[in-house]
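Listing of run-v3.pdb, PDB, C-alpha atoms
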MODEL        1
ATOM      1  CA  MET A  21     143.335-240.603  67.935
ATOM      2  CA  LYS A  22     145.407-238.190  70.027
ATOM      3  CA  ARG A  23     143.448-238.973  73.168
ATOM      4  CA  HIS A  24     143.789-242.662  72.371
ATOM      5  CA  GLN A  25     147.531-242.215  71.971
ATOM      6  CA  ASN A  26     147.871-240.544  75.368
ATOM      7  CA  LEU A  27     145.884-243.308  77.069
ATOM      8  CA  LEU A  28     148.095-245.968  75.453
ATOM      9  CA  LEU A  29     151.246-244.097  76.474
ATOM     10  CA  LEU A  30     150.069-243.830  80.087
ATOM     11  CA  LEU A  31     149.219-247.544  80.118
ATOM     12  CA  ALA A  32     152.687-248.303  78.763
ATOM     13  CA  VAL A  33     154.253-246.237  81.564
ATOM     14  CA  ALA A  34     152.176-248.071  84.165
ATOM     15  CA  ALA A  35     153.196-251.438  82.676
ATOM     16  CA  LEU A  36     156.889-250.489  82.557
ATOM     17  CA  LEU A  37     156.773-249.566  86.245
ATOM     18  CA  ALA A  38     154.590-252.466  87.410
ATOM     19  CA  LEU A  39     156.444-255.262  85.602
ATOM     20  CA  PRO A  40     159.718-254.976  87.558
ATOM     21  CA  LEU A  41     157.753-255.223  90.807
ATOM     22  CA  ARG A  42     156.477-258.651  89.737
ATOM     23  CA  MET A  43     159.500-259.912  87.828
ATOM     24  CA  VAL A  44     162.442-258.871  89.955
ATOM     25  CA  LYS A  45     162.803-260.908  93.118
ATOM     26  CA  LYS A  46     166.464-260.364  93.931
ATOM     27  CA  ALA A  47     168.157-257.117  94.818
ATOM     28  CA  PRO A  48     171.416-256.203  93.077
ATOM     29  CA  VAL A  49     174.669-257.138  94.783
ATOM     30  CA  THR A  50     176.901-254.369  96.112
ATOM     31  CA  PRO A  51     180.623-254.210  95.235
ATOM     32  CA  GLN A  52     181.305-255.500  98.736
ATOM     33  CA  GLY A  53     179.301-258.598  97.871
ATOM     34  CA  THR A  54     176.324-257.912 100.106
ATOM     35  CA  GLN A  55     172.745-257.661  98.936
ATOM     36  CA  THR A  56     171.137-254.220  98.850
ATOM     37  CA  ALA A  57     167.524-253.754  99.810
ATOM     38  CA  LEU A  58     165.156-254.582  96.945
ATOM     39  CA  PHE A  59     164.334-251.449  94.921
ATOM     40  CA  ALA A  60     166.671-249.259  96.926
ATOM     41  CA  GLY A  61     167.713-245.966  95.333
ATOM     42  CA  SER A  62     170.501-245.966  92.737
ATOM     43  CA  ASP A  63     172.019-242.906  94.448
ATOM     44  CA  ASP A  64     172.665-245.018  97.553
ATOM     45  CA  GLN A  65     174.270-247.715  95.406
ATOM     46  CA  ALA A  66     176.570-245.123  93.850
ATOM     47  CA  ARG A  67     177.646-244.186  97.374
ATOM     48  CA  ASP A  68     178.444-247.861  98.052
ATOM     49  CA  VAL A  69     180.579-247.974  94.879
ATOM     50  CA  ILE A  70     182.475-244.887  96.091
ATOM     51  CA  LYS A  71     183.105-246.654  99.402
ATOM     52  CA  SER A  72     184.449-249.719  97.603
ATOM     53  CA  ILE A  73     186.753-247.713  95.291
ATOM     54  CA  ALA A  74     187.977-245.248  97.919
ATOM     55  CA  PRO A  75     187.408-246.830 101.343
ATOM     56  CA  SER A  76     189.371-244.063 103.043
ATOM     57  CA  TYR A  77     187.273-241.212 101.576
ATOM     58  CA  LYS A  78     185.463-239.220 104.240
ATOM     59  CA  PRO A  79     182.561-237.018 103.123
ATOM     60  CA  TRP A  80     183.513-233.504 104.183
ATOM     61  CA  ALA A  81     180.024-232.055 104.496
ATOM     62  CA  GLU A  82     176.776-233.213 106.025
ATOM     63  CA  PRO A  83     173.248-232.356 104.866
ATOM     64  CA  LEU A  84     172.037-229.292 106.761
ATOM     65  CA  MET A  85     168.747-230.932 107.509
ATOM     66  CA  GLN A  86     167.717-234.569 107.417
ATOM     67  CA  PRO A  87     164.008-235.383 107.142
ATOM     68  CA  ALA A  88     163.007-236.445 110.667
ATOM     69  CA  SER A  89     161.857-239.876 109.482
ATOM     70  CA  ASN A  90     161.004-241.877 106.357
ATOM     71  CA  GLU A  91     157.435-240.696 106.729
ATOM     72  CA  VAL A  92     158.476-237.055 106.736
ATOM     73  CA  GLU A  93     160.667-237.657 103.682
ATOM     74  CA  THR A  94     157.727-239.290 101.898
ATOM     75  CA  LEU A  95     155.583-236.305 102.864
ATOM     76  CA  LEU A  96     158.035-233.862 101.294
ATOM     77  CA  PHE A  97     158.387-235.886  98.090
ATOM     78  CA  ALA A  98     154.611-236.221  97.857
ATOM     79  CA  LEU A  99     154.294-232.480  98.419
ATOM     80  CA  GLN A 100     156.794-231.824  95.628
ATOM     81  CA  ALA A 101     154.866-234.036  93.202
ATOM     82  CA  ALA A 102     151.494-232.627  94.318
ATOM     83  CA  VAL A 103     152.505-228.984  93.864
ATOM     84  CA  GLY A 104     153.926-229.728  90.402
ATOM     85  CA  SER A 105     151.022-231.807  89.121
ATOM     86  CA  GLY A 106     148.554-229.371  90.678
ATOM     87  CA  PHE A 107     150.025-226.553  88.626
ATOM     88  CA  ILE A 108     150.068-228.609  85.412
ATOM     89  CA  GLY A 109     146.457-229.631  86.020
ATOM     90  CA  TYR A 110     145.422-226.030  86.649
ATOM     91  CA  TYR A 111     147.149-224.863  83.479
ATOM     92  CA  LEU A 112     145.567-227.582  81.323
ATOM     93  CA  GLY A 113     142.178-226.714  82.808
ATOM     94  CA  VAL A 114     142.641-223.044  81.939
ATOM     95  CA  ALA A 115     143.906-223.895  78.443
ATOM     96  CA  THR A 116     141.017-226.300  77.745
ATOM     97  CA  THR A 117     138.415-223.774  78.832
ATOM     98  CA  ARG A 118     140.089-221.006  76.842
ATOM     99  CA  ALA A 119     140.115-223.159  73.704
ATOM    100  CA  ARG A 120     136.463-224.118  74.188
ATOM    101  CA  MET A 121     135.325-220.532  74.823
ATOM    102  CA  GLY A 122     137.357-219.388  71.834
ATOM    103  CA  ARG A 123     135.556-221.886  69.628
ATOM    104  CA  ALA A 124     132.170-220.915  71.087
ATOM    105  CA  ALA A 125     132.869-217.219  70.460
ATOM    106  CA  ALA A 126     133.939-218.005  66.883
ATOM    107  CA  THR A 127     130.684-219.853  66.118
ATOM    108  CA  GLU A 128     128.586-217.096  67.751
ATOM    109  CA  THR A 129     130.044-214.374  65.568
ATOM    110  CA  LYS A 130     129.358-216.495  62.489
ATOM    111  CA  CYS A 131     125.603-216.753  63.263
TER     112      CYS A 131
ATOM    113  CA  MET B  22     171.807-238.745  89.768
ATOM    114  CA  HIS B  23     171.983-236.901  93.065
ATOM    115  CA  ILE B  24     175.586-236.972  94.228
ATOM    116  CA  MET B  25     175.283-236.855  97.995
ATOM    117  CA  GLU B  26     176.416-234.008 100.203
ATOM    118  CA  GLY B  27     180.162-234.127 100.770
ATOM    119  CA  PHE B  28     180.716-236.997  98.334
ATOM    120  CA  LEU B  29     182.795-235.008  95.861
ATOM    121  CA  PRO B  30     186.328-233.907  96.780
ATOM    122  CA  VAL B  31     186.561-230.159  97.464
ATOM    123  CA  SER B  32     188.351-229.357  94.178
ATOM    124  CA  HIS B  33     185.707-231.232  92.146
ATOM    125  CA  ALA B  34     182.854-229.606  94.056
ATOM    126  CA  ILE B  35     184.285-226.160  93.355
ATOM    127  CA  GLY B  36     185.136-227.024  89.745
ATOM    128  CA  TRP B  37     181.611-228.196  88.870
ATOM    129  CA  SER B  38     180.101-225.164  90.608
ATOM    130  CA  ILE B  39     182.275-222.857  88.495
ATOM    131  CA  ALA B  40     181.347-224.828  85.379
ATOM    132  CA  SER B  41     177.613-224.594  86.101
ATOM    133  CA  ALA B  42     177.407-220.967  87.218
ATOM    134  CA  PRO B  43     177.604-219.314  83.764
ATOM    135  CA  PHE B  44     174.862-221.600  82.402
ATOM    136  CA  VAL B  45     172.589-220.632  85.298
ATOM    137  CA  ALA B  46     173.338-216.929  84.680
ATOM    138  CA  VAL B  47     172.763-217.168  80.913
ATOM    139  CA  GLY B  48     169.627-219.207  81.572
ATOM    140  CA  LEU B  49     168.231-216.577  83.941
ATOM    141  CA  ARG B  50     168.859-213.873  81.371
ATOM    142  CA  SER B  51     167.239-215.884  78.607
ATOM    143  CA  ILE B  52     164.166-216.543  80.777
ATOM    144  CA  ASN B  53     163.869-212.862  81.726
ATOM    145  CA  LYS B  54     164.166-211.833  78.100
ATOM    146  CA  LYS B  55     161.588-214.372  76.922
ATOM    147  CA  ILE B  56     159.096-213.352  79.602
ATOM    148  CA  ALA B  57     159.613-209.645  78.887
ATOM    149  CA  GLU B  58     158.967-210.210  75.171
ATOM    150  CA  HIS B  59     156.177-212.756  75.573
ATOM    151  CA  PRO B  60     154.481-212.363  78.974
ATOM    152  CA  GLU B  61     151.892-214.932  77.859
ATOM    153  CA  GLN B  62     154.567-217.624  77.952
ATOM    154  CA  ARG B  63     154.971-217.255  81.712
ATOM    155  CA  MET B  64     152.416-219.949  82.477
ATOM    156  CA  LEU B  65     154.011-222.337  80.001
ATOM    157  CA  LEU B  66     157.356-221.786  81.692
ATOM    158  CA  GLY B  67     155.627-222.678  84.949
ATOM    159  CA  VAL B  68     154.397-225.904  83.376
ATOM    160  CA  ALA B  69     157.933-226.793  82.274
ATOM    161  CA  ALA B  70     159.228-226.139  85.793
ATOM    162  CA  ALA B  71     156.345-228.042  87.379
ATOM    163  CA  PHE B  72     157.017-231.017  85.101
ATOM    164  CA  THR B  73     160.626-231.213  86.308
ATOM    165  CA  PHE B  74     159.420-230.762  89.878
ATOM    166  CA  VAL B  75     157.010-233.692  89.576
ATOM    167  CA  LEU B  76     159.175-236.132  87.645
ATOM    168  CA  SER B  77     162.264-235.657  89.798
ATOM    169  CA  ALA B  78     160.152-236.453  92.875
ATOM    170  CA  LEU B  79     158.959-239.778  91.486
ATOM    171  CA  LYS B  80     161.297-242.622  92.321
ATOM    172  CA  MET B  81     160.379-245.522  90.145
ATOM    173  CA  PRO B  82     161.243-249.223  90.370
ATOM    174  CA  SER B  83     163.326-250.607  87.525
ATOM    175  CA  VAL B  84     164.278-253.976  86.050
ATOM    176  CA  THR B  85     167.593-254.084  87.912
ATOM    177  CA  GLY B  86     165.852-254.258  91.291
ATOM    178  CA  SER B  87     166.777-250.720  92.216
ATOM    179  CA  SER B  88     164.845-247.476  91.985
ATOM    180  CA  SER B  89     165.674-244.166  90.395
ATOM    181  CA  HIS B  90     163.884-241.110  89.136
ATOM    182  CA  PRO B  91     163.419-239.342  85.801
ATOM    183  CA  THR B  92     164.460-235.723  85.416
ATOM    184  CA  GLY B  93     161.701-234.082  83.364
ATOM    185  CA  THR B  94     164.071-231.571  81.769
ATOM    186  CA  GLY B  95     163.400-232.557  78.146
ATOM    187  CA  LEU B  96     160.009-230.834  77.938
ATOM    188  CA  GLY B  97     161.239-227.457  79.112
ATOM    189  CA  ALA B  98     164.374-227.658  76.968
ATOM    190  CA  ILE B  99     162.338-228.276  73.804
ATOM    191  CA  LEU B 100     159.950-225.433  74.709
ATOM    192  CA  PHE B 101     162.354-222.790  76.007
ATOM    193  CA  GLY B 102     165.822-223.793  74.841
ATOM    194  CA  PRO B 103     168.556-225.598  76.743
ATOM    195  CA  THR B 104     169.852-222.807  78.992
ATOM    196  CA  ALA B 105     166.425-221.952  80.460
ATOM    197  CA  LEU B 106     166.468-225.244  82.330
ATOM    198  CA  ALA B 107     169.697-224.528  84.228
ATOM    199  CA  PRO B 108     168.104-222.147  86.781
ATOM    200  CA  ILE B 109     164.861-224.158  86.875
ATOM    201  CA  GLY B 110     166.683-227.434  87.531
ATOM    202  CA  GLY B 111     168.864-225.551  90.008
ATOM    203  CA  VAL B 112     165.811-224.563  92.055
ATOM    204  CA  VAL B 113     164.513-228.146  92.058
ATOM    205  CA  LEU B 114     167.902-229.494  93.131
ATOM    206  CA  LEU B 115     168.264-226.811  95.800
ATOM    207  CA  PHE B 116     164.848-227.692  97.235
ATOM    208  CA  GLN B 117     165.820-231.354  97.424
ATOM    209  CA  ALA B 118     169.249-230.588  98.875
ATOM    210  CA  LEU B 119     167.941-228.291 101.610
ATOM    211  CA  LEU B 120     164.753-230.040 102.681
ATOM    212  CA  LEU B 121     165.204-233.663 101.676
ATOM    213  CA  ALA B 122     168.931-234.266 102.247
ATOM    214  CA  HIS B 123     168.902-235.419  98.623
ATOM    215  CA  GLY B 124     172.015-234.235  96.823
ATOM    216  CA  GLY B 125     173.679-231.360  98.625
ATOM    217  CA  ILE B 126     174.980-227.837  98.598
ATOM    218  CA  THR B 127     178.589-228.924  97.995
ATOM    219  CA  THR B 128     177.462-231.161  95.114
ATOM    220  CA  LEU B 129     174.839-228.731  93.772
ATOM    221  CA  GLY B 130     177.108-227.529  90.945
ATOM    222  CA  ALA B 131     177.839-231.083  89.778
ATOM    223  CA  ASN B 132     174.188-232.090  90.013
ATOM    224  CA  ILE B 133     173.056-228.971  88.116
ATOM    225  CA  PHE B 134     175.635-229.795  85.453
ATOM    226  CA  SER B 135     174.293-233.306  84.873
ATOM    227  CA  MET B 136     170.550-232.732  85.277
ATOM    228  CA  ALA B 137     169.994-229.122  84.292
ATOM    229  CA  ILE B 138     172.736-228.561  81.681
ATOM    230  CA  VAL B 139     173.840-231.788  79.952
ATOM    231  CA  GLY B 140     170.294-233.220  79.954
ATOM    232  CA  PRO B 141     168.605-230.159  78.390
ATOM    233  CA  PHE B 142     171.395-229.650  75.829
ATOM    234  CA  ALA B 143     171.149-233.330  74.859
ATOM    235  CA  ALA B 144     167.367-232.971  74.556
ATOM    236  CA  VAL B 145     167.612-229.994  72.217
ATOM    237  CA  ALA B 146     170.382-231.601  70.131
ATOM    238  CA  VAL B 147     168.414-234.839  69.724
ATOM    239  CA  PHE B 148     165.177-232.956  69.013
ATOM    240  CA  ARG B 149     166.801-230.818  66.306
ATOM    241  CA  GLY B 150     168.547-233.867  64.844
ATOM    242  CA  ALA B 151     165.338-235.876  64.767
ATOM    243  CA  THR B 152     163.435-232.978  63.195
ATOM    244  CA  ALA B 153     166.183-232.553  60.589
ATOM    245  CA  LEU B 154     165.844-236.255  59.772
ATOM    246  CA  ARG B 155     162.137-235.558  59.249
ATOM    247  CA  LEU B 156     161.016-237.816  62.066
ATOM    248  CA  PRO B 157     157.431-237.104  63.137
ATOM    249  CA  PHE B 158     156.943-234.708  66.053
ATOM    250  CA  GLY B 159     155.915-237.266  68.691
ATOM    251  CA  PRO B 160     158.861-239.655  68.205
ATOM    252  CA  SER B 161     161.254-236.673  68.119
ATOM    253  CA  VAL B 162     159.961-235.498  71.513
ATOM    254  CA  PHE B 163     160.169-239.037  72.859
ATOM    255  CA  LEU B 164     163.779-239.516  71.734
ATOM    256  CA  ALA B 165     164.827-236.090  73.020
ATOM    257  CA  ALA B 166     163.330-236.572  76.494
ATOM    258  CA  SER B 167     164.487-240.137  77.029
ATOM    259  CA  LEU B 168     168.029-239.606  75.734
ATOM    260  CA  ALA B 169     168.332-236.469  77.894
ATOM    261  CA  ASP B 170     167.415-238.619  80.882
ATOM    262  CA  VAL B 171     170.063-241.252  80.060
ATOM    263  CA  MET B 172     172.699-238.594  79.320
ATOM    264  CA  THR B 173     172.089-236.995  82.728
ATOM    265  CA  TYR B 174     172.819-240.262  84.502
ATOM    266  CA  LEU B 175     175.859-241.026  82.333
ATOM    267  CA  THR B 176     177.184-237.568  83.238
ATOM    268  CA  THR B 177     176.763-238.340  86.922
ATOM    269  CA  ALA B 178     178.643-241.616  86.380
ATOM    270  CA  ALA B 179     181.449-239.727  84.611
ATOM    271  CA  GLN B 180     181.615-237.096  87.386
ATOM    272  CA  LEU B 181     181.936-239.791  90.031
ATOM    273  CA  ALA B 182     184.502-241.704  87.961
ATOM    274  CA  LEU B 183     186.584-238.528  87.602
ATOM    275  CA  ALA B 184     186.457-237.958  91.344
ATOM    276  CA  PHE B 185     187.029-241.597  92.273
ATOM    277  CA  PRO B 186     189.143-243.319  89.613
ATOM    278  CA  ASP B 187     189.615-247.035  90.183
ATOM    279  CA  PRO B 188     192.979-247.750  91.895
ATOM    280  CA  ALA B 189     193.728-250.467  89.326
ATOM    281  CA  GLY B 190     191.810-249.555  86.163
ATOM    282  CA  GLY B 191     191.677-245.771  86.508
ATOM    283  CA  PHE B 192     188.894-243.573  85.147
ATOM    284  CA  LEU B 193     187.469-246.074  82.644
ATOM    285  CA  ALA B 194     187.137-248.971  85.096
ATOM    286  CA  SER B 195     185.501-246.626  87.563
ATOM    287  CA  LEU B 196     183.187-245.232  84.874
ATOM    288  CA  ALA B 197     182.075-248.780  84.033
ATOM    289  CA  LYS B 198     181.225-249.375  87.697
ATOM    290  CA  PHE B 199     179.206-246.176  88.144
ATOM    291  CA  ALA B 200     177.523-246.529  84.763
ATOM    292  CA  GLY B 201     176.674-250.079  85.803
ATOM    293  CA  VAL B 202     174.779-248.682  88.775
ATOM    294  CA  PHE B 203     172.938-245.999  86.833
ATOM    295  CA  ALA B 204     172.617-246.877  83.145
ATOM    296  CA  ILE B 205     170.570-250.088  82.976
ATOM    297  CA  THR B 206     168.331-249.005  85.847
ATOM    298  CA  GLN B 207     167.652-245.812  83.946
ATOM    299  CA  ILE B 208     166.686-247.270  80.554
ATOM    300  CA  PRO B 209     163.069-248.257  81.344
ATOM    301  CA  LEU B 210     162.667-245.067  83.383
ATOM    302  CA  ALA B 211     163.970-242.996  80.479
ATOM    303  CA  ILE B 212     161.392-244.660  78.235
ATOM    304  CA  CYS B 213     158.715-243.742  80.806
ATOM    305  CA  GLU B 214     159.986-240.161  80.862
ATOM    306  CA  GLY B 215     159.843-240.045  77.049
ATOM    307  CA  PHE B 216     156.246-241.282  77.024
ATOM    308  CA  LEU B 217     155.151-238.865  79.765
ATOM    309  CA  THR B 218     156.788-235.950  77.949
ATOM    310  CA  VAL B 219     154.893-236.870  74.757
ATOM    311  CA  VAL B 220     151.627-237.033  76.744
ATOM    312  CA  VAL B 221     152.099-233.516  78.141
ATOM    313  CA  MET B 222     153.316-232.198  74.780
ATOM    314  CA  ASN B 223     150.199-233.658  73.099
ATOM    315  CA  ALA B 224     148.015-231.820  75.603
ATOM    316  CA  LEU B 225     149.910-228.567  75.052
ATOM    317  CA  ILE B 226     149.648-228.893  71.261
ATOM    318  CA  ARG B 227     145.939-229.522  71.526
ATOM    319  CA  PHE B 228     145.150-226.447  73.584
ATOM    320  CA  ASN B 229     148.070-224.118  72.897
ATOM    321  CA  ALA B 230     148.746-224.692  69.231
ATOM    322  CA  ARG B 231     149.255-221.007  68.484
ATOM    323  CA  GLU B 232     151.790-220.417  71.269
ATOM    324  CA  LEU B 233     153.858-223.460  70.355
ATOM    325  CA  ARG B 234     153.928-222.374  66.718
ATOM    326  CA  GLU B 235     155.082-218.910  67.741
ATOM    327  CA  MET B 236     157.804-220.489  69.853
ATOM    328  CA  ASN B 237     158.916-222.464  66.779
ATOM    329  CA  VAL B 238     158.470-225.721  68.636
ATOM    330  CA  THR B 239     156.063-227.268  66.168
ATOM    331  CA  PRO B 240     156.182-226.896  62.404
ATOM    332  CA  ARG B 241     152.902-225.775  60.915
ATOM    333  CA  GLU B 242     151.718-229.092  59.542
ATOM    334  CA  VAL B 243     151.659-231.049  62.814
ATOM    335  CA  ILE B 244     149.159-228.764  64.488
ATOM    336  CA  ARG B 245     146.110-230.122  62.746
ATOM    337  CA  ALA B 246     147.397-233.692  62.463
TER     338      ALA B 246
ENDMDL
END

Kindly transcribe the structure held in the file into structure tokens.
Amino acid sequence: MKRHQNLLLLLAVAALLALPLRMVKKAPVTPQGTQTALFAGSDDQARDVIKSIAPSYKPWAEPLMQPASNEVETLLFALQAAVGSGFIGYYLGVATTRARMGRAAATETKC
Amino acid sequence: MHIMEGFLPVSHAIGWSIASAPFVAVGLRSINKKIAEHPEQRMLLGVAAAFTFVLSALKMPSVTGSSSHPTGTGLGAILFGPTALAPIGGVVLLFQALLLAHGGITTLGANIFSMAIVGPFAAVAVFRGATALRLPFGPSVFLAASLADVMTYLTTAAQLALAFPDPAGGFLASLAKFAGVFAITQIPLAICEGFLTVVVMNALIRFNARELREMNVTPREVIRA
């Protein structure tokens, strides 16, 4: 049942993320009345709202380092996700094996 | 929820940094204490950090036609308490600010406050509330993680509204605008985050039942359910 539940939950996540891609055809409109790119980041839209509320505001600091291109940015995000999921996968592997060996040891001592 | 580098006035940037610093310090102490008392929990702490690392890297499309990312702080907050997430979230945000130009050093304090303080505290409050109402374990975890996600983004909206009140309508009109950008986009993503947190929690319960019981995360009866 538990394994079933996890599979259903993962399918639900996939559906929740895939549906907008099919359903949504129009990007949201910025406060200035222009269309943003479809599925652009909400952080960028927040910046546009700031510009519409306070047009004279000048950001007083710049990022120290910009990723050299979109590809490099994608690489770093992928790296971040890969390192994290790699660790989780490793831990679950260790935990599964430990649980199985624990059970095996318990049955051996009974015999 | 990443407020971009330089996009908070100096006084706000300093104010949020001062507000976040004690939580990070208390969080570091609580982590050190936990690991000293229970060295076996170190790996689990790594899992909580890794979960935040993964989820905050995943930008997902939403029904509004824009994309945003979950935060992944609910899991760690339920496992290790709300303050433990402040330094962990801080590291994630620092990584993104330095290497990805996502968020920034000047806005780090504000971003830590929304993602690594308000989110985790909301998660723990909702989780305790749901448990007190005798909701089953899974739905409690789901509610805690997804509401933490939404609260993080509402906090960002409030921070921006405080810094940039609407010339006509003031703070509230501005809050409505920023919440309009973040809130609806975030709802399906928060549901996804809730589901994913339950999936990982299920796996942990299955293979680490004893540890979770010792950490008082799960009551006794759910373990064999």

- Message: As an exercise, work out the distance from atom CA of Val31 of chain B to atom CA of Leu196 of chain B in Å and give it to one decimal place.
- Response: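 Interatomic distance here is 19.9 Å.
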
- Item | Contact set, chain B to chain A: 6 Å, all atoms listed in the file, as a PyMOL selection string | chain B and resi 26-28+68+71+74-75+78+82-84+86-89+121-122+187+213+216+220+228

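For the atom pair formed by atom CA of Thr127 of chain B and atom CA of Val45 of chain B, the distance is 16.3 Å, given to one decimal.
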
- Would you write out, as a list of chain:residue names, every residue that the PyMOL selection byres ((chain B and resi 182) around 9) captures in this file? A:Ile70, B:Thr177, B:Ala178, B:Ala179, B:Gln180, B:Leu181, B:Leu183, B:Ala184, B:Phe185, B:Pro186, B:Asp187, B:Gly191, B:Phe192, B:Leu193, B:Ala194, B:Ser195, B:Leu196, B:Ala197, B:Lys198, B:Phe199

- Residue neighbourhood Phe44 of chain B, 8 Å, only C-alpha atoms, exclusion window fewer than 2 positions, as number ranges by chain: B: 40-42, 46-48, 104, 107, 138

Go ahead and save the residues from that selection, with C-alpha atoms, as a PDB file, keeping the file's coordinate frame.
ATOM      1  CA  ALA B  40     181.347-224.828  85.379  1.00  0.00           C
ATOM      2  CA  SER B  41     177.613-224.594  86.101  1.00  0.00           C
ATOM      3  CA  ALA B  42     177.407-220.967  87.218  1.00  0.00           C
ATOM      4  CA  ALA B  46     173.338-216.929  84.680  1.00  0.00           C
ATOM      5  CA  VAL B  47     172.763-217.168  80.913  1.00  0.00           C
ATOM      6  CA  GLY B  48     169.627-219.207  81.572  1.00  0.00           C
ATOM      7  CA  THR B 104     169.852-222.807  78.992  1.00  0.00           C
ATOM      8  CA  ALA B 107     169.697-224.528  84.228  1.00  0.00           C
ATOM      9  CA  ILE B 138     172.736-228.561  81.681  1.00  0.00           C
TER      10      ILE B 138
END
